[in-house]
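J.: Just one file: data_1.txt, with compact mmCIF, C-alpha atoms and all ligand atoms.
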```
# COMPACT_ATOMS: atom_id res chain seq x y z
CA MET A 135 -75.08 -95.49 -85.10
CA ASN A 136 -72.89 -92.47 -85.78
CA ASN A 137 -73.03 -90.15 -82.81
CA LYS A 138 -70.22 -87.68 -83.44
CA ARG A 139 -69.85 -84.88 -80.92
CA PRO A 140 -71.70 -81.88 -82.33
CA LEU A 141 -69.55 -79.26 -80.54
CA LYS A 142 -66.21 -80.37 -81.91
CA GLN A 143 -65.42 -78.99 -85.34
CA ASN A 144 -62.56 -80.79 -86.99
CA ASN A 145 -62.51 -78.77 -90.16
CA LYS A 146 -62.81 -75.24 -88.91
CA GLN A 147 -61.76 -72.58 -91.42
CA GLY A 148 -60.09 -70.38 -88.74
CA ASP A 149 -59.26 -66.78 -89.48
CA SER A 150 -58.42 -65.90 -93.04
CA GLU A 151 -54.69 -65.88 -92.25
CA THR A 152 -54.26 -69.32 -90.72
CA GLY A 153 -57.15 -70.77 -92.77
CA SER A 154 -54.72 -71.55 -95.57
CA LEU A 155 -53.07 -74.11 -93.26
CA LEU A 156 -56.14 -76.35 -93.05
CA HIS A 157 -55.39 -79.83 -94.46
CA SER A 158 -51.75 -78.91 -95.04
CA GLU A 159 -49.10 -81.53 -94.20
CA HIS A 160 -45.93 -80.93 -92.18
CA VAL A 161 -43.02 -82.72 -90.57
CA VAL A 162 -42.61 -81.77 -86.90
CA THR A 163 -40.82 -82.85 -83.73
CA VAL A 164 -42.99 -82.98 -80.61
CA GLU A 165 -41.63 -80.74 -77.83
CA LYS A 166 -43.77 -81.86 -74.93
CA LEU A 167 -47.29 -82.92 -73.97
CA ALA A 168 -50.06 -80.54 -72.93
CA VAL A 169 -52.97 -80.47 -70.50
CA GLY A 170 -55.58 -82.56 -72.28
CA GLY A 171 -52.94 -85.06 -73.43
CA ASP A 172 -52.00 -83.84 -76.92
CA GLY A 173 -48.42 -83.42 -78.13
CA VAL A 174 -47.20 -79.87 -78.74
CA ALA A 175 -45.09 -78.89 -81.75
CA ARG A 176 -44.59 -75.70 -83.75
CA ILE A 177 -44.64 -74.99 -87.43
CA PRO A 178 -43.23 -71.88 -89.05
CA PHE A 179 -45.95 -69.61 -90.41
CA LYS A 180 -45.15 -66.28 -92.06
CA ASP A 181 -42.95 -64.36 -89.64
CA ARG A 182 -43.87 -66.45 -86.57
CA SER A 183 -44.23 -70.02 -85.43
CA ILE A 184 -47.61 -71.39 -84.59
CA VAL A 185 -48.42 -74.06 -82.01
CA VAL A 186 -49.97 -77.30 -83.16
CA PHE A 187 -51.64 -79.82 -80.85
CA ILE A 188 -51.29 -83.39 -82.09
CA LYS A 189 -53.45 -86.25 -80.89
CA LEU A 190 -51.76 -89.43 -79.66
CA ALA A 191 -48.27 -88.01 -79.98
CA ALA A 192 -45.32 -88.57 -77.63
CA GLN A 193 -42.60 -86.03 -76.82
CA GLU A 194 -39.63 -86.23 -79.20
CA ASP A 195 -41.69 -88.06 -81.83
CA GLU A 196 -40.78 -86.99 -85.32
CA LEU A 197 -44.07 -86.98 -87.17
CA LYS A 198 -45.71 -86.29 -90.48
CA ILE A 199 -48.96 -84.55 -89.56
CA LYS A 200 -52.04 -83.15 -91.25
CA ILE A 201 -53.75 -80.01 -89.94
CA THR A 202 -57.38 -80.72 -89.10
CA PHE A 203 -58.41 -77.55 -87.25
CA VAL A 204 -57.20 -73.97 -87.37
CA GLU A 205 -57.55 -71.02 -85.02
CA LYS A 206 -55.74 -67.70 -85.05
CA ASN A 207 -53.11 -68.80 -82.54
CA PHE A 208 -53.11 -72.58 -82.62
CA LEU A 209 -53.79 -75.57 -84.83
CA ARG A 210 -54.80 -79.18 -84.30
CA ALA A 211 -53.44 -82.08 -86.28
CA ASP A 212 -53.61 -85.83 -86.75
CA ILE A 213 -50.59 -88.05 -87.22
CA LEU A 214 -50.15 -89.31 -90.79
CA GLU A 215 -46.91 -91.17 -90.12
CA ILE A 216 -44.49 -91.68 -87.24
CA LEU A 217 -41.14 -90.95 -88.89
CA LYS A 218 -39.06 -91.49 -85.74
CA PRO A 219 -40.79 -92.63 -82.56
CA SER A 220 -40.11 -91.10 -79.16
CA PRO A 221 -37.86 -93.29 -76.98
CA ALA A 222 -40.78 -93.35 -74.53
CA ARG A 223 -43.25 -94.76 -77.05
CA ARG A 224 -44.42 -98.29 -76.40
CA GLN A 225 -47.06 -100.79 -77.45
CA ALA A 226 -50.10 -99.78 -75.39
CA PRO A 227 -50.96 -102.45 -72.80
CA CYS A 228 -54.70 -101.96 -73.44
CA PRO A 229 -56.22 -103.74 -76.48
CA TYR A 230 -58.80 -100.93 -76.89
CA PHE A 231 -56.26 -98.11 -77.15
CA PRO A 232 -56.29 -95.74 -79.02
CA THR A 233 -59.90 -96.13 -80.19
CA CYS A 234 -61.20 -95.97 -76.62
CA GLY A 235 -61.20 -92.43 -75.25
CA GLY A 236 -60.71 -93.56 -71.64
CA CYS A 237 -56.92 -93.10 -71.46
CA ALA A 238 -54.78 -90.56 -73.32
CA TRP A 239 -51.27 -91.84 -72.61
CA GLN A 240 -51.23 -95.65 -72.82
CA HIS A 241 -48.68 -95.35 -75.66
CA ILE A 242 -46.08 -93.66 -73.38
CA ASP A 243 -44.11 -95.37 -70.64
CA GLU A 244 -45.03 -94.42 -67.09
CA SER A 245 -41.86 -92.60 -66.11
CA GLU A 246 -42.25 -90.30 -69.11
CA GLN A 247 -45.95 -89.80 -68.31
CA VAL A 248 -44.88 -88.53 -64.90
CA HIS A 249 -42.11 -86.40 -66.35
CA GLN A 250 -44.62 -84.71 -68.67
CA LYS A 251 -47.00 -84.07 -65.77
CA GLU A 252 -44.16 -82.36 -63.92
CA ILE A 253 -43.38 -80.17 -66.94
CA ILE A 254 -47.06 -79.24 -67.28
CA LEU A 255 -47.29 -78.19 -63.62
CA GLN A 256 -44.01 -76.29 -63.59
CA GLU A 257 -44.86 -74.36 -66.75
CA LEU A 258 -48.30 -73.44 -65.43
CA PHE A 259 -46.80 -72.11 -62.21
CA GLN A 260 -44.17 -70.14 -64.15
CA LYS A 261 -46.94 -68.67 -66.29
CA PHE A 262 -49.49 -67.86 -63.58
CA ILE A 263 -47.15 -66.84 -60.73
CA PRO A 264 -43.99 -65.61 -62.46
CA GLY A 265 -41.22 -64.72 -60.05
CA VAL A 266 -42.62 -66.82 -57.19
CA ASP A 267 -40.14 -69.40 -55.87
CA PHE A 268 -41.23 -73.01 -55.83
CA ASN A 269 -39.56 -76.37 -55.70
CA LEU A 270 -41.51 -79.21 -57.26
CA LEU A 271 -40.64 -82.26 -55.18
CA PRO A 272 -40.25 -85.70 -56.81
CA THR A 273 -43.61 -87.12 -57.80
CA ILE A 274 -45.25 -89.81 -55.70
CA TYR A 275 -45.86 -92.66 -58.14
CA SER A 276 -48.95 -94.79 -58.04
CA PRO A 277 -48.00 -98.19 -56.58
CA LYS A 278 -50.10 -99.69 -59.38
CA ASN A 279 -49.82 -98.48 -62.98
CA LEU A 280 -52.72 -100.67 -64.08
CA HIS A 281 -55.81 -101.95 -62.27
CA TYR A 282 -55.79 -99.05 -59.81
CA ARG A 283 -59.29 -97.51 -60.12
CA ASN A 284 -61.82 -98.53 -57.49
CA ARG A 285 -64.68 -97.11 -59.60
CA ILE A 286 -65.28 -96.52 -63.30
CA GLN A 287 -68.09 -95.01 -65.31
CA LEU A 288 -69.24 -96.81 -68.44
CA LYS A 289 -71.85 -95.93 -71.03
CA ARG A 290 -74.53 -98.26 -72.32
CA LEU A 291 -76.13 -97.94 -75.77
CA GLY A 292 -77.85 -100.82 -77.55
CA THR A 293 -75.95 -103.88 -76.37
CA LYS A 294 -72.62 -102.06 -76.09
CA LEU A 295 -71.01 -101.16 -72.77
CA GLY A 296 -67.84 -99.09 -72.57
CA TYR A 297 -66.28 -95.65 -72.80
CA PHE A 298 -66.84 -93.07 -75.51
CA GLN A 299 -64.52 -93.36 -78.46
CA ARG A 300 -61.88 -90.69 -78.68
CA GLU A 301 -63.41 -87.49 -80.16
CA SER A 302 -66.82 -89.10 -80.50
CA HIS A 303 -69.94 -90.19 -78.69
CA ASP A 304 -69.80 -93.64 -80.23
CA ILE A 305 -69.25 -96.31 -77.60
CA VAL A 306 -66.30 -98.71 -77.64
CA ASP A 307 -67.67 -102.04 -76.50
CA ILE A 308 -65.25 -103.43 -73.91
CA ASP A 309 -64.88 -106.70 -72.00
CA LEU A 310 -62.13 -105.45 -69.71
CA CYS A 311 -60.60 -102.23 -68.50
CA LEU A 312 -56.93 -102.23 -67.58
CA ILE A 313 -57.14 -99.20 -65.30
CA ALA A 314 -60.09 -100.54 -63.28
CA GLU A 315 -59.32 -102.77 -60.31
CA LYS A 316 -59.20 -106.38 -61.49
CA GLU A 317 -62.33 -107.28 -59.51
CA ILE A 318 -64.22 -104.56 -61.43
CA SER A 319 -62.72 -105.31 -64.83
CA ASP A 320 -63.58 -109.01 -64.54
CA GLN A 321 -67.25 -108.15 -63.93
CA ILE A 322 -67.72 -106.08 -67.12
CA PRO A 323 -68.96 -109.03 -69.29
CA MET A 324 -71.43 -110.03 -66.54
CA VAL A 325 -72.81 -106.47 -66.25
CA LYS A 326 -73.11 -106.23 -70.02
CA ALA A 327 -75.07 -109.49 -70.18
CA LYS A 328 -77.42 -108.43 -67.37
CA LEU A 329 -78.31 -104.96 -68.66
CA ARG A 330 -81.23 -104.55 -71.03
CA PRO A 331 -80.37 -103.03 -74.44
CA THR A 332 -81.02 -99.27 -74.48
CA THR A 333 -81.96 -96.81 -77.22
CA GLU A 334 -80.38 -93.84 -75.44
CA VAL A 335 -76.97 -93.55 -73.79
CA GLN A 336 -77.16 -94.47 -70.09
CA LYS A 337 -74.32 -94.08 -67.60
CA PHE A 338 -73.37 -96.78 -65.11
CA GLU A 339 -70.92 -96.71 -62.27
CA LEU A 340 -69.09 -99.97 -61.51
CA LYS A 341 -67.26 -99.90 -58.21
CA LEU A 342 -65.90 -101.63 -55.16
CA ASN A 343 -67.87 -100.26 -52.23
CA GLN A 344 -66.70 -99.50 -48.67
CA LYS A 345 -66.86 -103.23 -47.87
CA ASN A 346 -64.78 -103.96 -50.99
CA GLU A 347 -67.78 -105.60 -52.65
CA PHE A 348 -68.53 -105.15 -56.34
CA GLU A 349 -71.64 -103.15 -57.22
CA TYR A 350 -72.99 -101.28 -60.24
CA TYR A 351 -75.83 -98.87 -60.78
CA ASN A 352 -77.32 -96.40 -63.21
CA ILE A 353 -76.16 -92.88 -62.32
CA GLY A 354 -78.58 -90.90 -64.49
CA ASP A 355 -77.10 -87.55 -65.46
CA GLN A 356 -74.58 -87.36 -62.60
CA GLY A 357 -71.12 -86.55 -63.93
CA GLU A 358 -69.14 -87.66 -60.90
CA GLY A 359 -71.21 -90.70 -59.99
CA LEU A 360 -73.58 -90.54 -57.03
CA SER A 361 -70.91 -89.42 -54.60
CA PHE A 362 -67.23 -88.56 -54.68
CA SER A 363 -64.43 -90.79 -53.42
CA GLN A 364 -60.76 -90.87 -54.39
CA VAL A 365 -60.34 -93.49 -57.14
CA ASN A 366 -56.89 -94.86 -56.36
CA ASN A 367 -56.86 -96.30 -52.82
CA GLU A 368 -53.14 -96.85 -52.44
CA ILE A 369 -51.98 -93.44 -53.58
CA ASN A 370 -54.84 -91.83 -51.67
CA GLN A 371 -53.39 -93.34 -48.49
CA LYS A 372 -50.09 -91.64 -49.27
CA LEU A 373 -51.86 -88.32 -49.88
CA VAL A 374 -53.82 -88.60 -46.63
CA GLY A 375 -50.52 -89.40 -44.89
CA LEU A 376 -48.84 -86.27 -46.25
CA VAL A 377 -51.78 -84.05 -45.25
CA SER A 378 -51.58 -85.42 -41.70
CA GLN A 379 -47.80 -85.06 -41.60
CA ILE A 380 -47.91 -81.38 -42.64
CA VAL A 381 -50.84 -80.55 -40.35
CA THR A 382 -49.06 -82.25 -37.44
CA LYS A 383 -46.09 -79.92 -38.03
CA ILE A 384 -48.36 -76.85 -38.15
CA ASN A 385 -50.10 -78.14 -35.02
CA PRO A 386 -53.24 -75.96 -35.24
CA THR A 387 -56.06 -76.09 -32.73
CA PHE A 388 -58.81 -75.25 -35.25
CA VAL A 389 -58.99 -76.13 -38.95
CA SER A 390 -61.56 -75.30 -41.62
CA GLU A 391 -61.78 -77.94 -44.33
CA LEU A 392 -63.71 -77.04 -47.48
CA TYR A 393 -64.87 -79.64 -50.06
CA ALA A 394 -64.37 -82.33 -47.43
CA GLY A 395 -66.27 -85.22 -49.07
CA ALA A 396 -66.88 -88.05 -46.60
CA GLY A 397 -63.94 -87.02 -44.42
CA ASN A 398 -61.07 -88.60 -46.36
CA PHE A 399 -58.56 -86.23 -44.70
CA THR A 400 -60.67 -85.21 -41.71
CA PHE A 401 -60.69 -88.41 -39.70
CA ASP A 402 -57.01 -89.13 -40.04
CA LEU A 403 -56.31 -85.61 -38.76
CA LEU A 404 -58.64 -85.95 -35.79
CA GLN A 405 -57.05 -89.25 -34.89
CA LYS A 406 -53.50 -87.95 -35.10
CA LEU A 407 -54.04 -84.56 -33.41
CA PRO A 408 -56.00 -85.09 -30.17
CA ASN A 409 -56.34 -81.35 -29.45
CA LEU A 410 -57.64 -80.46 -32.90
CA ARG A 411 -61.15 -79.16 -33.60
CA MET A 412 -62.44 -79.00 -37.15
CA GLU A 413 -65.29 -77.63 -39.24
CA SER A 414 -65.75 -79.46 -42.52
CA VAL A 415 -67.97 -78.40 -45.41
CA GLU A 416 -69.37 -80.63 -48.14
CA MET A 417 -72.48 -80.10 -50.24
CA ASN A 418 -73.26 -83.75 -51.05
CA SER A 419 -75.52 -84.92 -48.23
CA GLU A 420 -74.73 -88.61 -48.90
CA LEU A 421 -71.11 -87.86 -48.05
CA THR A 422 -71.82 -85.76 -44.97
CA LYS A 423 -74.25 -88.45 -43.78
CA PHE A 424 -71.41 -90.94 -43.94
CA ALA A 425 -69.07 -88.49 -42.16
CA THR A 426 -71.64 -87.82 -39.44
CA GLN A 427 -72.17 -91.54 -38.79
CA LYS A 428 -68.43 -92.04 -38.56
CA LEU A 429 -67.84 -89.09 -36.24
CA THR A 430 -70.60 -90.39 -33.95
CA SER A 431 -69.13 -93.89 -33.89
CA LEU A 432 -65.70 -92.41 -33.06
CA SER A 433 -67.20 -90.00 -30.46
CA TYR A 434 -65.84 -86.94 -32.24
CA GLN A 435 -69.04 -84.89 -31.79
CA LYS A 436 -67.28 -82.19 -29.79
CA ARG A 437 -64.33 -81.94 -32.18
CA LEU A 438 -65.89 -82.02 -35.63
CA PHE A 439 -68.80 -80.11 -37.13
CA ALA A 440 -69.57 -81.58 -40.56
CA PHE A 441 -71.72 -79.06 -42.44
CA THR A 442 -73.85 -80.04 -45.42
CA SER A 443 -73.61 -76.90 -47.46
CA ASP A 444 -72.08 -75.45 -50.56
CA CYS A 445 -68.92 -73.64 -49.57
CA GLU A 446 -70.22 -70.37 -51.02
CA SER A 447 -73.21 -70.21 -48.63
CA PHE A 448 -71.07 -71.46 -45.78
CA VAL A 449 -68.44 -68.72 -46.12
CA ALA A 450 -71.19 -66.11 -46.35
CA ARG A 451 -72.39 -66.94 -42.84
CA ARG A 452 -69.38 -68.33 -40.94
CA SER A 453 -65.76 -67.45 -40.24
CA LEU A 454 -62.91 -69.65 -41.36
CA SER A 455 -59.92 -70.70 -39.30
CA LYS A 456 -57.14 -68.12 -39.14
CA GLN A 457 -54.68 -70.95 -38.55
CA LEU A 458 -55.25 -73.45 -41.36
CA VAL A 459 -57.70 -73.86 -44.22
CA ILE A 460 -57.70 -77.08 -46.26
CA LEU A 461 -59.18 -77.01 -49.78
CA ASP A 462 -59.87 -79.98 -52.06
CA PRO A 463 -62.24 -78.59 -54.69
CA PRO A 464 -63.56 -80.36 -57.80
CA ARG A 465 -61.75 -79.96 -61.13
CA ALA A 466 -62.95 -76.40 -61.76
CA GLY A 467 -61.23 -75.16 -58.59
CA CYS A 468 -62.61 -72.71 -56.03
CA SER A 469 -65.22 -70.08 -56.78
CA ASP A 470 -64.31 -66.41 -56.44
CA ILE A 471 -66.59 -66.20 -53.38
CA VAL A 472 -64.56 -68.86 -51.59
CA LEU A 473 -61.22 -67.40 -52.64
CA LYS A 474 -62.29 -63.92 -51.50
CA LYS A 475 -63.23 -65.26 -48.07
CA ILE A 476 -59.88 -67.05 -47.73
CA ILE A 477 -58.03 -63.88 -48.71
CA GLU A 478 -60.05 -61.79 -46.23
CA THR A 479 -59.50 -64.37 -43.47
CA GLY A 480 -55.76 -64.54 -44.10
CA PRO A 481 -54.97 -67.90 -42.49
CA THR A 482 -51.29 -68.42 -41.71
CA ASP A 483 -51.36 -71.80 -43.45
CA LEU A 484 -53.24 -73.12 -46.47
CA ILE A 485 -53.32 -76.61 -47.97
CA TYR A 486 -54.77 -76.94 -51.48
CA ILE A 487 -55.26 -80.37 -53.06
CA SER A 488 -56.15 -80.17 -56.70
CA CYS A 489 -57.07 -82.52 -59.54
CA HIS A 490 -56.69 -79.89 -62.28
CA PRO A 491 -53.41 -78.00 -62.55
CA VAL A 492 -54.77 -75.12 -64.65
CA PHE A 493 -57.37 -74.20 -62.06
CA LEU A 494 -54.90 -74.71 -59.23
CA ALA A 495 -52.50 -72.26 -60.90
CA ARG A 496 -55.32 -69.80 -61.56
CA ASP A 497 -56.54 -69.90 -57.94
CA LEU A 498 -53.00 -69.67 -56.64
CA GLN A 499 -52.40 -66.58 -58.72
CA LYS A 500 -55.43 -64.90 -57.12
CA ILE A 501 -54.34 -65.91 -53.62
CA MET A 502 -50.71 -64.85 -54.04
CA MET A 503 -51.56 -61.56 -55.71
CA ALA A 504 -53.74 -60.69 -52.72
CA ASN A 505 -51.32 -61.97 -50.07
CA GLN A 506 -47.66 -61.83 -50.98
CA ASN A 507 -46.63 -63.17 -47.57
CA PHE A 508 -47.55 -66.68 -48.65
CA LYS A 509 -44.60 -68.90 -49.54
CA ILE A 510 -44.84 -72.25 -51.30
CA ARG A 511 -43.56 -74.72 -48.72
CA HIS A 512 -44.49 -78.04 -50.33
CA LEU A 513 -45.48 -78.79 -53.91
CA GLN A 514 -45.79 -82.36 -55.12
CA ILE A 515 -47.65 -84.40 -57.71
CA PHE A 516 -49.44 -87.56 -56.67
CA ASP A 517 -49.81 -89.68 -59.79
CA MET A 518 -53.34 -90.74 -58.96
CA PHE A 519 -54.35 -91.52 -62.58
CA PRO A 520 -51.60 -93.39 -64.52
CA GLN A 521 -52.16 -93.87 -68.30
CA THR A 522 -54.03 -90.56 -68.40
CA ASP A 523 -52.91 -86.93 -68.48
CA HIS A 524 -54.69 -86.28 -65.17
CA PHE A 525 -52.93 -85.95 -61.82
CA GLU A 526 -53.41 -84.77 -58.27
CA THR A 527 -51.31 -81.95 -56.83
CA PHE A 528 -50.58 -81.24 -53.18
CA LEU A 529 -49.74 -77.62 -52.39
CA TYR A 530 -48.91 -76.16 -48.98
CA LEU A 531 -48.62 -72.41 -48.47
CA SER A 532 -47.54 -70.69 -45.30
CA THR A 533 -46.91 -67.13 -44.19
CA THR A 534 -44.57 -68.17 -41.38
C1 LIG B 1 -62.27 -83.51 -55.22
S1 LIG B 1 -63.59 -83.93 -54.16
C2 LIG B 1 -62.77 -84.04 -52.61
C3 LIG B 1 -63.50 -84.74 -51.52
C4 LIG B 1 -62.64 -85.17 -50.31
N1 LIG B 1 -61.74 -84.15 -49.88
C5 LIG B 1 -61.90 -86.47 -50.59
O1 LIG B 1 -60.66 -86.47 -50.60
O2 LIG B 1 -62.57 -87.51 -50.78
C6 LIG B 1 -64.49 -82.44 -54.09
C7 LIG B 1 -65.73 -82.48 -53.23
O3 LIG B 1 -66.30 -81.17 -53.22
C8 LIG B 1 -67.72 -81.29 -53.25
N2 LIG B 1 -68.17 -80.00 -53.80
C9 LIG B 1 -68.15 -79.60 -55.09
N3 LIG B 1 -68.53 -78.33 -55.19
C10 LIG B 1 -68.80 -77.89 -53.93
C11 LIG B 1 -69.23 -76.66 -53.38
N4 LIG B 1 -69.45 -75.60 -54.15
N5 LIG B 1 -69.40 -76.59 -52.05
C12 LIG B 1 -69.18 -77.69 -51.25
N6 LIG B 1 -68.75 -78.87 -51.72
C13 LIG B 1 -68.57 -78.97 -53.05
C14 LIG B 1 -67.99 -82.52 -54.07
O4 LIG B 1 -69.24 -83.08 -53.73
C15 LIG B 1 -66.82 -83.42 -53.70
O5 LIG B 1 -67.17 -84.26 -52.62
```
Here is a file; write its structure as structure tokens.
Ligand SMILES: C[S@@+](CC[C@H](N)C(=O)[O-])C[C@H]1O[C@@H](n2cnc3c(N)ncnc32)[C@H](O)[C@@H]1O
T.:
Amino acid sequence: MNNKRPLKQNNKQGDSETGSLLHSEHVVTVEKLAVGGDGVARIPFKDRSIVVFIKLAAQEDELKIKITFVEKNFLRADILEILKPSPARRQAPCPYFPTCGGCAWQHIDESEQVHQKEIILQELFQKFIPGVDFNLLPTIYSPKNLHYRNRIQLKRLGTKLGYFQRESHDIVDIDLCLIAEKEISDQIPMVKAKLRPTTEVQKFELKLNQKNEFEYYNIGDQGEGLSFSQVNNEINQKLVGLVSQIVTKINPTFVSELYAGAGNFTFDLLQKLPNLRMESVEMNSELTKFATQKLTSLSYQKRLFAFTSDCESFVARRSLSKQLVILDPPRAGCSDIVLKKIIETGPTDLIYISCHPVFLARDLQKIMMANQNFKIRHLQIFDMFPQTDHFETFLYLSTT
């Protein structure tokens, strides 16, 4: 079955000026990689140069490319030939790469993947908050480059089970996944054999649960699975450790934590700071139920109020801490309502954990434009998702 994505046009005519470039061939050198994973190069066009995004490229590759998509200010291209490979290019460890759309950077060695993530973050900060001083600290590497994910989402159609193909809604039928924990990857053939064939795409989450037992279930239309948890246990522990270390230095008595999930950061903080009181906000009731059970078992009832609410309604009716606010929003970042409340509250310290650098930079711009007393005290990437262009960023701002 051919199930090509309807929204993606690969042969767009563009504006009349750049339209002439469609299907043209060029030789380029890749400068760097971009958010989304593509390589970035430039080709001369009239009196300017125009940016071209190239799928499956590596920085410093010398490539023969063909333009497949044109817009006024950028182009997209496919590789026709690798004339001189990047020194960071390698044979992808995964047998399904590059057909499988699950990972964007299996063809690049891990240290260069991290280097490119650092460039992406630095350039976004320079663009969104020009003139603001920051020092990007050395990235915290994932202890595992492969077999690190404690949950994956696969699609079922017919008898196939796997990820979508790159640029398509066709499914790549897989028997293993090198980024899933080994115990999950090894179960893929069993899950495939047990599921009934389907006529429509169905989504399944395969995971190791809290007891480290394998389970899988249909997740319907949920994008994020039934409830959020950090996917890379070992690097998550390092992130939780840094949050606690910084909060211990700030030594607040009251903290507001927004987008708190099941208390990934919350409980470590309450354990390490005996005089701390917290209010945490999370809209997924499954997660707050878990947090509430845990706070009861640890007898933290007087120190933690775990609210089941969207942060927007919460900030409309309650005050936030003037000492420290912790934010860990989903990929799209914080809503304007939440940012406005933080700006009005003016906490002396702010910790922002982000899984999308563009939205982090955008939110930071809004915060820093409204409050120029904030200084960037700690900025660091946690390479939570090796082999992909995604990463987690820890940001700590303080006015003191
Ligand atoms: C990136 S996760 C972080 C969760 C937690 N801090 C952790 O480390 O596991 C973002 C969380 O925000 C929740 N969320 C998303 N939008 C929200 C909103 N508008 N208000 C409250 N929670 C929201 C999601 O359910 C998810 O649990």
J.: The centre and edge lengths of an axis-aligned box containing all atoms of segment 244-250 of chain A present in the file, extended by 3 Å on each side, are to be given in Å to one decimal, as AutoDock Vina command-line options.
T.:
```
--center_x -43.9 --center_y -89.6 --center_z -67.0 --size_x 10.1 --size_y 15.7 --size_z 10.2
```
J.: Check every protein, DNA and RNA residue against ligand LIG 1 (chain B), keep those with an atom at most 7 Å away (counting only C-alpha atoms and all ligand atoms), and present them as a PyMOL selection string.
T.: chain A and resi 361-364+392-399+415-418+443-446+462-465+489
J.: Tell me, in Å to one decimal, how far atom CA of Ser183 of chain A is from atom CA of His157 of chain A.
T.: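 That distance, rounded to one decimal, is 17.4 Å.
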J.: Might you pull out every residue within 9 Å of segment 229-239 of chain A, with only C-alpha atoms counted and same-chain residues fewer than 6 positions away left off, and present them as JSON, numbers by chain?
T.: {"A": [170, 171, 172, 189, 190, 191, 192, 247, 296, 297, 298, 299, 300, 301, 302, 305, 306, 307, 308, 311, 313, 520, 521, 522, 523]}
J.: Which residue out of A:Thr293, A:Ser276, A:Asn370, A:Asn507 has the minimum interatomic distance to Glu334 of chain A when all atoms listed in the file are used?
T.: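 With all atoms listed in the file as the atom set, the closest residue is A:Thr293.
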J.: For Met412 of chain A, which residue out of A:Phe519, A:Phe525, A:Phe203, A:Phe388 is the nearest one, using only C-alpha atoms?
T.: A:Phe388
J.: Give me, as a PyMOL selection string, all polymer residues having an atom no more than 8 Å from Leu513 of chain A, counting only C-alpha atoms and skipping those fewer than 3 positions away in the same chain.
T.: chain A and resi 268-271+510+527-530
J.: Do you know which residues lie at most 9 Å from (-50.6, -88.7, -88.9), with coordinates as in the file and all atoms listed in the file counted, and could you write them as number ranges by chain?
T.: A: 188-189, 197-200, 211-216
J.: What would the list of residues within 6 Å of (-64.5, -66.8, -47.2) (file frame) look like as a PyMOL selection string, if all atoms listed in the file are what count?
T.: chain A and resi 449+472+474-476
J.: Need the shell around Leu458 of chain A: protein/DNA/RNA residues with any atom at most 12 Å away, counting only C-alpha atoms. Skip same-chain ones fewer than 5 positions apart. Format as a ChimeraX atom specification?
T.: /A:377,380-392,410-413,476,479-486,530-534
J.: In terms of the shortest atom-to-atom distance over only C-alpha atoms, which of A:Ala226, A:Asp517, A:Arg290, A:Val492 is closest to Ser245 of chain A?
T.: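 Smallest distance to Ser245 of chain A is found for A:Asp517.
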